[in-house]
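Working notes, structure below.
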Amino acid sequence: MSEGILVFCEVAEGNFKRTSYELLGKAASLLEVTGGTLNAVVIGDANSTSLGGYGVKTVYQAKGEAFDANNTGIAVRSIQAAVAECNAKLILGSASQQGRDLLPRLSARLNAGLGADVTDIRIEDGQIIGRRPQFAGKVFSDLKITSDIQIFSVRPGSFPAPAMGDVSANIVDLQV
């Protein structure tokens with residue numbers, strides 16, 4: 001998995017949702033074990049250079065009028081274009097309303113496995129494992145995805161948000 005991790009960072013009213021920072025922190029900790037680079041994809045207008053302070057090397061951003069209306073088709077194609085650009089093998093996104101709409105569609109387009117609604121992600125014997133609670137948290141299932149590309153949607157609040165540094169990320173404008 002040396003290609004790295006791509007985190008889908010959600011934007012609301014020009015600001016990143018807290019879950020985006022939580023996912024970036026978790027992705028950075030996973031990369032300490034696996035190696036590779038941390039990249040992000042942003043759909044909409046936001047100050048994406050600031051994500052460098054969370055360890056992001058490159059931000060793939062799709063912005064403009066077409067992205068203000070939250071068009072699902074365009075959003076999925078944007079994330080798919082970012083995956084192709086950075087050759088990510090692990091994609092993390094929030095199990096929010098938007099994430100639950102986009103990530104299963106992305107999974108189908110990429111022929112990738114999807115671990116939905118997980119609350120923990122760890123590496124065990126070189127394999128990424130997601131943990132998903134069931135039956136109101138009384139039972140937990142561990143999810144292993146065997147496809148080349150793995151996608152996990154993570155419940156908000158599952159990880160702590162890291163402190164921000166003062167490094168800027170490179171921005172690549174996505175043309176979708």
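Just so we're on the same page: first chain in the structure tokens is A, next is B, and so on; residues restart at 1 for each chain, and ligands are numbered from 1 in the order they show up.
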
Would you list the contacts of Glu22 (chain A) as an MDAnalysis selection string, taking every protein, DNA or RNA residue within 9 Å and counting only C-alpha atoms, but skipping same-chain residues closer than 3 positions in sequence? chainID A and resid 18:19 25:27 156:162

Compile the contact shell of Gly53 (chain A) as number ranges by chain: residues with an atom at most 6 Å away, counting only C-alpha atoms, same-chain residues fewer than 6 positions apart removed. A: 164-167

Kindly export the residues of the current selection with C-alpha atoms, as a short mmCIF file (atom, residue, chain, number, x, y, z; two decimals), in the first residue's frame.
```cif
data_model
loop_
_atom_site.label_atom_id
_atom_site.label_comp_id
_atom_site.auth_asym_id
_atom_site.auth_seq_id
_atom_site.Cartn_x
_atom_site.Cartn_y
_atom_site.Cartn_z
CA MET A 164 -2.46 21.62 12.93
CA GLY A 165 1.04 22.45 11.72
CA ASP A 166 2.05 25.31 9.45
CA VAL A 167 2.87 23.48 6.21
#
```

Per DSSP on the backbone, filter region 8-168 of chain A down to the residues in helix (DSSP H, G or I) and report them as number ranges by chain. A: 18-34, 48-54, 65-67, 72-86, 97-110

Hey, what's within 12 Å of Thr34 (chain A) if we count only C-alpha atoms and toss same-chain stuff fewer than 6 positions away? As a count of residues only, please? 16

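Neighbouring residues of Arg132 (chain A) at 7 Å or closer, counting only C-alpha atoms and skipping chain neighbours under 5 positions away, are Asp117, Val118, Thr119, Phe140, Ser141 and Asp142 of chain A.
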
Kindly save the residues from that selection, with N, CA and C atoms included, as a PDB file, in the first residue's frame.
```
ATOM      1  N   ASP A 117     -19.345   2.448   7.633  1.00  0.00           N
ATOM      2  CA  ASP A 117     -19.745   2.812   8.989  1.00  0.00           C
ATOM      3  C   ASP A 117     -18.825   2.235  10.068  1.00  0.00           C
ATOM      4  N   VAL A 118     -17.518   2.258   9.828  1.00  0.00           N
ATOM      5  CA  VAL A 118     -16.583   1.721  10.806  1.00  0.00           C
ATOM      6  C   VAL A 118     -16.255   2.768  11.874  1.00  0.00           C
ATOM      7  N   THR A 119     -15.787   2.279  13.014  1.00  0.00           N
ATOM      8  CA  THR A 119     -15.398   3.177  14.104  1.00  0.00           C
ATOM      9  C   THR A 119     -13.920   3.059  14.444  1.00  0.00           C
ATOM     10  N   PHE A 140     -19.124  -6.501  17.639  1.00  0.00           N
ATOM     11  CA  PHE A 140     -18.250  -5.826  16.686  1.00  0.00           C
ATOM     12  C   PHE A 140     -17.822  -6.811  15.605  1.00  0.00           C
ATOM     13  N   SER A 141     -17.788  -6.329  14.371  1.00  0.00           N
ATOM     14  CA  SER A 141     -17.305  -7.130  13.252  1.00  0.00           C
ATOM     15  C   SER A 141     -16.029  -6.503  12.720  1.00  0.00           C
ATOM     16  N   ASP A 142     -15.039  -7.326  12.431  1.00  0.00           N
ATOM     17  CA  ASP A 142     -13.829  -6.852  11.785  1.00  0.00           C
ATOM     18  C   ASP A 142     -13.970  -7.081  10.288  1.00  0.00           C
TER      19      ASP A 142
END
```

Using only C-alpha atoms, which of the listed residues (A:Gly73, A:Gly44, A:Gly93, A:Gly36) sits closest to Tyr21 (chain A)?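 With only C-alpha atoms as the atom set, the closest residue is A:Gly93.
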
Where does DSSP see strand (DSSP E or B) in region 1-165 of chain A, if you list the residues as a ChimeraX atom specification? /A:5-9,11-12,15-16,38-43,58-62,90-94,113-118,120-124,127-134,139-144,150-154

Would you please work out which residue, of A:Leu6, A:Ala46, A:Val172, A:Leu114, is nearest to Gln80 (chain A) when using only C-alpha atoms?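 Closest residue, counting only C-alpha atoms: A:Leu6.
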
Taking only C-alpha atoms into account, which of A:Val11, A:Ile145, A:Val59, A:Val139 comes nearest Val83 (chain A)?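 Comparing A:Val11, A:Ile145, A:Val59, A:Val139 against Val83 (chain A), the winner is A:Val59.
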
In terms of only C-alpha atoms, the residue from A:Ala66, A:Val33, A:Leu102, A:Ile149 at minimal distance from Glu10 (chain A) is A:Leu102

Please measure the separation of CA of Lys144 (chain A) and CA of Ile129 (chain A), giving the value in Å to one decimal.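 Those two atoms sit 5.2 Å apart.
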
So, with only C-alpha atoms as the atoms that count, which of A:Leu103, A:Ala82, A:Leu31, A:Ala62 lies closest to Gly115 (chain A)?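 The closest residue to Gly115 (chain A) is A:Leu103.
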
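Between Asp45 (chain A) and the candidates A:Gly113, A:Pro133, A:Asn87, A:Asp173, the tightest atom-to-atom separation, counting only C-alpha atoms, involves A:Asp173.
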
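When the distance limit is 12 Å and only C-alpha atoms are what count, the residues near region 13-16 of chain A, minus those fewer than 5 positions from it on the same chain, are A:Phe8, A:Tyr21, A:Glu22, A:Leu23, A:Leu24, A:Ala40, A:Val41, A:Val42, A:Ile43, A:Gly44, A:Asp45, A:Ala46, A:Asn47, A:Ser48, A:Thr49, A:Ser50, A:Leu51, A:Lys63, A:Asp68, A:Ala69, A:Asn70, A:Ser94.
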
Mind giving me the straight-line distance from CA of Tyr54 (chain A) to CA of Arg77 (chain A) in Å, one decimal?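 Those two atoms sit 25.0 Å apart.
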